[in-house]
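Here is the structure we will look at, set down as structure tokens.
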There are 4 protein chains.
Amino acid sequence: MSKEYILRVQCPDKYGIVAKVSTTLNKANLFILDSAHYGDPENKTFFMRAKLIYPKKVFNIDDFSKFFSKECKSLKMEWSIEDIDYKPNTAIFVSKYGHCLQDLMYRVDSGILPMNVSCIISNHKDHQKIASWHNIPFFHIPVIKDNKNKSEKEIRKILKEYNIDLLILARYMQILSNKMSHDFFGKIINIHHSFLPSFKGAKPYHQAYEKGVKILGATAHYVSSKLDEGPIIDQSVERVDHAMTPKDLELIGRDLESITLARAVKYHIERRIFINNSKTVIFN
Amino acid sequence: MSKEYILRVQCPDKYGIVAKVSTTLNKANLFILDSAHYGDPENKTFFMRAKLIYPKKVFNIDDFSKFFSKECKSLKMEWSIEDIDYKPNTAIFVSKYGHCLQDLMYRVDSGILPMNVSCIISNHKDHQKIASWHNIPFFHIPVIKDNKNKSEKEIRKILKEYNIDLLILARYMQILSNKMSHDFFGKIINIHHSFLPSFKGAKPYHQAYEKGVKILGATAHYVSSKLDEGPIIDQSVERVDHAMTPKDLELIGRDLESITLARAVKYHIERRIFINNSKTVIFN
Amino acid sequence: MSKEYILRVQCPDKYGIVAKVSTTLNKANLFILDSAHYGDPENKTFFMRAKLIYPKKVFNIDDFSKFFSKECKSLKMEWSIEDIDYKPNTAIFVSKYGHCLQDLMYRVDSGILPMNVSCIISNHKDHQKIASWHNIPFFHIPVIKDNKNKSEKEIRKILKEYNIDLLILARYMQILSNKMSHDFFGKIINIHHSFLPSFKGAKPYHQAYEKGVKILGATAHYVSSKLDEGPIIDQSVERVDHAMTPKDLELIGRDLESITLARAVKYHIERRIFINNSKTVIFN
Amino acid sequence: MSKEYILRVQCPDKYGIVAKVSTTLNKANLFILDSAHYGDPENKTFFMRAKLIYPKKVFNIDDFSKFFSKECKSLKMEWSIEDIDYKPNTAIFVSKYGHCLQDLMYRVDSGILPMNVSCIISNHKDHQKIASWHNIPFFHIPVIKDNKNKSEKEIRKILKEYNIDLLILARYMQILSNKMSHDFFGKIINIHHSFLPSFKGAKPYHQAYEKGVKILGATAHYVSSKLDEGPIIDQSVERVDHAMTPKDLELIGRDLESITLARAVKYHIERRIFINNSKTVIFN
């Protein structure tokens, strides 16, 4: 009964890393089924993701970790290995618009997005019914001006209780505090309803309408402390024309948002994304 | 021997314009083969483009114009009628990058873009050979700091001499003066090598690389006195990834630029575009 | 309290139809807000769709119909006028795959697709729960070899009972009889999971995988008596690569199917589609 | 003065190939800068492409070849190594339509496609002028019914004389003989002006028009002895609508053809493509 694992490596770039890593893996009876790597020529950083198979009986991850760390010590790696079937515990945040939430839930139910949706958190009560239909705990945490600290305290409590790995802002219209964005950096995915860096901030469809663009976009990105500025994960676009109202653009945008967010979440779950300063490296 | 014409109408929007216009045309023995119209709900402006046929022998455009203006006086229209085969006299402006110029020339030669390329104007001598291959006058007008007035004076002289209707900035890396942009408003098409309004100004591919976008774009627009801000005509995009260098982005961008510019020029030649304040209305 | 209507016209093409129709409408105090027309140069057929406004108090559709038919008699038109808010009574057919059904239901609930989902019909019981969540009657009509007549008889009874205007085959894996396809021609929309005319029939994702295509597609079309051959309404595509398994292609295909079907249904509801022999004319 | 190389490997799939290959390379002072591999789960074949750097002074390719073959003997590989700057000697075949030829020549001249265009071969004289402008030998080889053998004999003589590695059929409207297709398999790239497998054979734009498709395509593929059936390299698409004539489709198709062919040729030149029976494996 062979098992598969995902190995992720990040380290200063130099010659011979692939050979060193693959040989060390072979010594531990782990074999590369699929791999991709990239050396950023600017900051001389090496990234690698590999799908591994262990064809023997019982894989002891602690023993392997000690061995691998020791053998590859000179490479100064940050690295991780995880069972390919590991599902992150996820909290989905939503406000009034439910299309991204619904789309995510459909993909979870049908096995396209392998994650545990541990809870749904909202500053409104509109989508409580969807949560109960899916038997998922729903937390209504209103955010009133000046109480952001209080509400984030509640949120953090929930995240801890459910041991949350991944926060998805599925059209959650509240801005997280700098502290929160910082503490969960790389674990919060947001969908912004424009083709960033165009049209940051509020009402991007109105901005796009005013500007008269001929192509509409959506952007999924990791949340950083700068509004709508975190590393971009994925973008999608659709043609539009002069006759479309802001409302029309919004309807077209919803499909873009759902699909783009779902794709970004999939990349994250499959551990394909590395954050490379303000950008992402994403392996197919 | 029937002839076809393009009618363009712009006027304050109200009920009954289509009926009034089409009936008046019929009285003049002009029949609508194809038409499109749009009423902007914000500024209450009506736009119409129609392809007409005159099935009788000789069409007297002056007689028609008097008749049409008188009959439709109450509509307060700006309007024009032109032979469908009218080809604008065009000046193509280019600097160091020749791909848009080459692409335009190929489309002109093969009949895809029905326009007269009257002259090619450049601040460099690189593309003189292409001009001579196509038997088109080439003017080398260097632009040195502080001599913009002098060079624009030369340019205006050429435009007058060749009776130029349309100026195409095919990767012309000089910024026209406000006066020039104003005087030829609606007659100058520029290709900007980014997905506007993102990445205005210089080196957009480097800006896109720094930002880590996942989709690259190009934008064709009418030139206004604000840099890279005129009414957008067309945009195109292509997916890119983390491994691409600014040079790679530039190569991908060239195809986007050529295609987007050619499409915008085609819309203009076919008189499909109306400028609606800072935006465009484009009829298919 | 002004009201809006959709007028649809189809007739032999000749000069002056737009003028005749728009003038006749004006006489009846109906004004064109938006219109599009097309004359097929091959079969000399004229198609027109117009959005009309009646700015007066009470519009008598019967009086108008008599007047319009009489005035335009010489044009030999087939025509119809309907309230812009008319919602078709729709039956959604589904088998094992529920993604198109779920997507349609989301769009109906959120107002994107203005139609009454009168009932859901399936040859399986899998999606009964979705129907009950939305309070929609669900009919389980198994189709066993040799009982197609029996099951279609049941289906026809339901369609009659609910006064159904539109049948949507949302991954319904049964082939309707020629008789059924013929009787409801122009009222049945199917989503085929390939880029037709490639990969007709069963298992198109496997066919695409075997062929090694680099782009995957989906096609929404009206059902005719020839399998996967009816007039195409809309198509969508997505890039794929060699590393994707038939399962991967299927997952990518699901998004294509949902979006393409939803778009086709929207065009139909908005009465934008005319069937032109084996093709469609679709006005934006 | 370090040098870079492209290594290509194909062999029966099994565990440990990446480790074996990379370690062997390191022993020879060759280091992986970039690599990609794929194991086809159906036919158990492993494919690998790696960009290598030799940081020392003089790389002896013969010595390396002996060493590498010996060390990796057990893997039963077909493999090759080539200087990254190697440019294939290319013959471009063209008939009446010159857009693909012109596009290729522009990309060659501007350094986008690093290949030597050794000669242009045509069954017509139309494009002799382009050849002479680029100082490339032009061969006019008419193909008359029943003389295919004679003309292919002439072609083979030219290919031999110029030591041709790559044949590009840039809208060459003659069908090569089975013998020719077989002898040069994997070295002939054709652009077919449809989205294969739809619309094989003649007049695909007319076929697309008749069928009423809503998306138009082009396909670049290796030529095999079955007409329009060889392994697909790349495909592109563009939306079209009912109002477009076969002529319009053809004009849109030209851009698709040029871009798709250029992309396929680029993949080939960069040695990214492996033929995997009737399909291709293409590494980014």
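We name chains A, B, ... following the order of the structure tokens; residues begin at 1 in each chain, and ligands are numbered from 1 as shown.
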What residues in chain C lie within 12 Å of chain B, counting only C-alpha atoms, written as a compact mmCIF listing (two decimals) with C-alpha atoms, in the first residue's frame?
```txt
# COMPACT_ATOMS: atom_id res chain seq x y z
CA ASP C 13 -35.44 40.34 -46.70
CA LYS C 14 -36.02 43.41 -48.85
CA TYR C 15 -35.34 47.15 -48.73
CA GLY C 16 -37.18 49.36 -46.28
CA ILE C 17 -38.20 46.90 -43.54
CA VAL C 18 -36.60 48.88 -40.68
CA ALA C 19 -38.33 52.08 -41.80
CA LYS C 20 -41.68 50.34 -42.20
CA VAL C 21 -41.52 48.57 -38.85
CA SER C 22 -40.25 51.55 -36.84
CA THR C 23 -42.79 53.94 -38.36
CA THR C 24 -45.64 51.54 -37.72
CA LEU C 25 -44.50 51.15 -34.11
CA ASN C 26 -44.39 54.93 -33.67
CA LYS C 27 -47.95 55.21 -34.95
CA ALA C 28 -48.91 52.83 -32.14
CA ASN C 29 -46.95 54.93 -29.62
CA LEU C 30 -44.30 52.26 -29.24
CA PHE C 31 -40.73 53.55 -29.41
CA ILE C 32 -37.51 51.63 -30.04
CA LEU C 33 -35.11 51.76 -27.07
CA ASP C 34 -32.72 49.22 -28.51
CA SER C 35 -32.76 47.16 -31.69
CA ALA C 36 -30.69 44.88 -33.85
CA HIS C 37 -31.34 43.29 -37.19
CA TYR C 38 -29.59 41.03 -39.65
CA GLY C 39 -30.25 40.00 -43.23
CA ASP C 40 -28.83 36.62 -44.11
CA PRO C 41 -27.27 37.12 -47.56
CA LYS C 44 -32.46 36.33 -47.98
CA PHE C 46 -34.42 39.26 -42.33
CA PHE C 47 -34.33 39.02 -38.51
CA MET C 48 -35.04 41.83 -36.06
CA ARG C 49 -35.28 42.14 -32.30
CA ALA C 50 -36.28 45.41 -30.66
CA LYS C 51 -36.80 46.55 -27.10
CA LEU C 52 -39.77 48.90 -27.10
CA ILE C 53 -41.26 51.34 -24.61
CA TYR C 54 -44.91 52.34 -24.35
CA PRO C 55 -44.86 55.64 -22.50
CA GLU C 238 -10.14 26.48 -21.83
CA ARG C 239 -6.48 25.53 -22.38
CA PHE C 283 -28.39 39.65 -31.07
CA ASN C 284 -26.32 41.19 -28.28
```
> Can you list, as a ChimeraX atom specification, every protein, DNA or RNA residue that comes within 7 Å of region 185-192 of chain D when you count only C-alpha atoms, leaving out same-chain residues fewer than 2 positions away?
Replying inline: /D:165-171,181-183,194,218-224,257,261
Just-selected residues, C-alpha atoms written as a PDB file, in the first residue's frame:
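Result file is part31.pdb:
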```pdb
ATOM      1  CA  ASP D 165      16.279  19.951 -39.834  1.00  0.00           C
ATOM      2  CA  LEU D 166      12.835  21.469 -39.847  1.00  0.00           C
ATOM      3  CA  LEU D 167      10.098  21.828 -42.475  1.00  0.00           C
ATOM      4  CA  ILE D 168       7.382  24.377 -41.812  1.00  0.00           C
ATOM      5  CA  LEU D 169       4.219  24.176 -43.915  1.00  0.00           C
ATOM      6  CA  ALA D 170       3.080  27.797 -43.658  1.00  0.00           C
ATOM      7  CA  ARG D 171      -0.235  27.432 -45.498  1.00  0.00           C
ATOM      8  CA  SER D 181       5.520  12.338 -44.114  1.00  0.00           C
ATOM      9  CA  HIS D 182       6.976   9.149 -42.737  1.00  0.00           C
ATOM     10  CA  ASP D 183      10.629   9.897 -43.491  1.00  0.00           C
ATOM     11  CA  SER D 194      -9.431  24.873 -38.030  1.00  0.00           C
ATOM     12  CA  ALA D 218      -6.435  26.992 -35.704  1.00  0.00           C
ATOM     13  CA  THR D 219      -4.216  23.994 -35.015  1.00  0.00           C
ATOM     14  CA  ALA D 220      -0.472  23.488 -35.431  1.00  0.00           C
ATOM     15  CA  HIS D 221       0.570  19.847 -35.614  1.00  0.00           C
ATOM     16  CA  TYR D 222       3.281  17.509 -36.762  1.00  0.00           C
ATOM     17  CA  VAL D 223       2.522  16.009 -40.142  1.00  0.00           C
ATOM     18  CA  SER D 224       1.805  12.296 -40.216  1.00  0.00           C
ATOM     19  CA  GLU D 257      -2.878  30.740 -37.905  1.00  0.00           C
ATOM     20  CA  LEU D 261       2.193  28.357 -36.014  1.00  0.00           C
TER      21      LEU D 261
END
```
> Could you write out, as number ranges by chain, all the residues of region 4-241 of chain B that DSSP marks as strand (DSSP E)?
Replying inline: B: 4-12, 31-40, 45-54, 78-83, 89-94, 116-122, 138-140, 166-169, 188-192, 215-222, 232-239
What does the file look like for those residues with C-alpha atoms, as an mmCIF file, in the first residue's frame?
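And here is the file that came out, selection24.cif:
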```cif
data_model
loop_
_atom_site.group_PDB
_atom_site.id
_atom_site.type_symbol
_atom_site.label_atom_id
_atom_site.label_comp_id
_atom_site.auth_asym_id
_atom_site.auth_seq_id
_atom_site.Cartn_x
_atom_site.Cartn_y
_atom_site.Cartn_z
ATOM 1 C CA GLU B 4 -23.263 51.695 -50.286
ATOM 2 C CA TYR B 5 -22.728 54.388 -47.672
ATOM 3 C CA ILE B 6 -22.036 54.700 -43.960
ATOM 4 C CA LEU B 7 -24.280 57.063 -42.019
ATOM 5 C CA ARG B 8 -23.277 58.193 -38.537
ATOM 6 C CA VAL B 9 -25.617 60.080 -36.231
ATOM 7 C CA GLN B 10 -25.184 61.519 -32.746
ATOM 8 C CA CYS B 11 -27.861 63.581 -30.981
ATOM 9 C CA PRO B 12 -29.758 64.086 -27.726
ATOM 10 C CA PHE B 31 -32.264 51.767 -47.418
ATOM 11 C CA ILE B 32 -30.740 50.369 -44.224
ATOM 12 C CA LEU B 33 -28.747 47.185 -44.801
ATOM 13 C CA ASP B 34 -27.320 47.072 -41.314
ATOM 14 C CA SER B 35 -27.628 49.393 -38.344
ATOM 15 C CA ALA B 36 -26.885 49.714 -34.674
ATOM 16 C CA HIS B 37 -27.755 52.362 -32.145
ATOM 17 C CA TYR B 38 -27.248 53.052 -28.466
ATOM 18 C CA GLY B 39 -28.707 55.550 -26.040
ATOM 19 C CA ASP B 40 -26.389 56.342 -23.137
ATOM 20 C CA THR B 45 -27.012 60.842 -25.884
ATOM 21 C CA PHE B 46 -28.096 58.757 -28.869
ATOM 22 C CA PHE B 47 -25.578 57.188 -31.278
ATOM 23 C CA MET B 48 -26.376 55.437 -34.548
ATOM 24 C CA ARG B 49 -24.377 53.874 -37.353
ATOM 25 C CA ALA B 50 -26.060 52.492 -40.444
ATOM 26 C CA LYS B 51 -24.875 50.861 -43.633
ATOM 27 C CA LEU B 52 -27.082 52.128 -46.435
ATOM 28 C CA ILE B 53 -27.695 51.143 -50.026
ATOM 29 C CA TYR B 54 -28.765 53.439 -52.841
ATOM 30 C CA GLU B 78 -24.382 65.821 -35.639
ATOM 31 C CA TRP B 79 -24.221 63.492 -38.581
ATOM 32 C CA SER B 80 -22.137 62.407 -41.568
ATOM 33 C CA ILE B 81 -22.465 60.202 -44.602
ATOM 34 C CA GLU B 82 -19.557 58.701 -46.515
ATOM 35 C CA ASP B 83 -18.990 56.268 -49.324
ATOM 36 C CA ASN B 89 -5.119 59.014 -45.602
ATOM 37 C CA THR B 90 -2.960 57.709 -42.828
ATOM 38 C CA ALA B 91 0.356 58.631 -41.271
ATOM 39 C CA ILE B 92 2.019 55.869 -39.257
ATOM 40 C CA PHE B 93 4.383 56.989 -36.497
ATOM 41 C CA VAL B 94 7.036 54.603 -35.255
ATOM 42 C CA ASN B 116 -3.929 54.729 -47.761
ATOM 43 C CA VAL B 117 -0.663 54.767 -45.881
ATOM 44 C CA SER B 118 0.422 58.195 -47.082
ATOM 45 C CA CYS B 119 3.633 58.406 -45.089
ATOM 46 C CA ILE B 120 5.672 56.941 -42.251
ATOM 47 C CA ILE B 121 7.133 59.332 -39.692
ATOM 48 C CA SER B 122 9.822 58.356 -37.220
ATOM 49 C CA PHE B 138 9.490 58.201 -44.982
ATOM 50 C CA PHE B 139 10.200 61.241 -42.839
ATOM 51 C CA HIS B 140 12.907 61.173 -40.217
ATOM 52 C CA LEU B 166 -5.706 59.384 -39.290
ATOM 53 C CA LEU B 167 -2.522 59.267 -37.212
ATOM 54 C CA ILE B 168 -1.456 55.874 -35.895
ATOM 55 C CA LEU B 169 1.143 55.809 -33.133
ATOM 56 C CA ILE B 188 -4.870 59.742 -33.282
ATOM 57 C CA ILE B 189 -4.805 56.082 -32.235
ATOM 58 C CA ASN B 190 -2.081 54.935 -29.865
ATOM 59 C CA ILE B 191 -1.135 51.445 -28.711
ATOM 60 C CA HIS B 192 -0.127 51.315 -25.059
ATOM 61 C CA ILE B 215 -2.287 38.218 -17.162
ATOM 62 C CA LEU B 216 -0.605 40.678 -19.518
ATOM 63 C CA GLY B 217 -2.475 43.227 -21.611
ATOM 64 C CA ALA B 218 -2.349 45.841 -24.342
ATOM 65 C CA THR B 219 -4.654 48.798 -24.923
ATOM 66 C CA ALA B 220 -5.438 50.800 -28.061
ATOM 67 C CA HIS B 221 -6.917 54.225 -27.354
ATOM 68 C CA TYR B 222 -7.467 57.659 -28.813
ATOM 69 C CA ILE B 232 -10.133 53.126 -24.793
ATOM 70 C CA ILE B 233 -10.922 51.434 -28.119
ATOM 71 C CA ASP B 234 -9.775 47.866 -27.580
ATOM 72 C CA GLN B 235 -7.829 45.680 -25.170
ATOM 73 C CA SER B 236 -6.320 42.203 -25.369
ATOM 74 C CA VAL B 237 -4.759 39.905 -22.808
ATOM 75 C CA GLU B 238 -2.613 36.795 -22.503
ATOM 76 C CA ARG B 239 -1.754 34.558 -19.525
#
```
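Once Gly201 (chain A) and its same-chain neighbours fewer than 6 positions away are set aside, A:Met173, A:Gln174, A:Ile175, A:His192, A:His193, A:Ser194, A:Phe195, A:Gln207, A:Lys226, A:Leu227, A:Asp228, A:Glu229 remain within 12 Å of it when counting only C-alpha atoms.
The interatomic distance for the pair CA of Thr260 (chain A) and CA of Cys100 (chain A) works out to 9.6 Å.
Listed by chain and then by rising number, the residues of region 40-115 of chain B that DSSP assigns to helix (DSSP H, G or I) from the backbone are Ile61, Asp62, Asp63, Phe64, Ser65, Lys66, Phe67, Phe68, Ser69, Lys70, Glu71, Lys73, Ser74, Leu75, His99, Cys100, Leu101, Gln102, Asp103, Leu104, Met105, Tyr106, Arg107, Val108 and Asp109 of chain B.
Going from CA of His242 (chain D) to CA of Val281 (chain C) covers 5.4 Å.
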> CA of Ile164 (chain C) and CA of Pro88 (chain C) are how many Å apart?
Replying inline: 7.4 Å
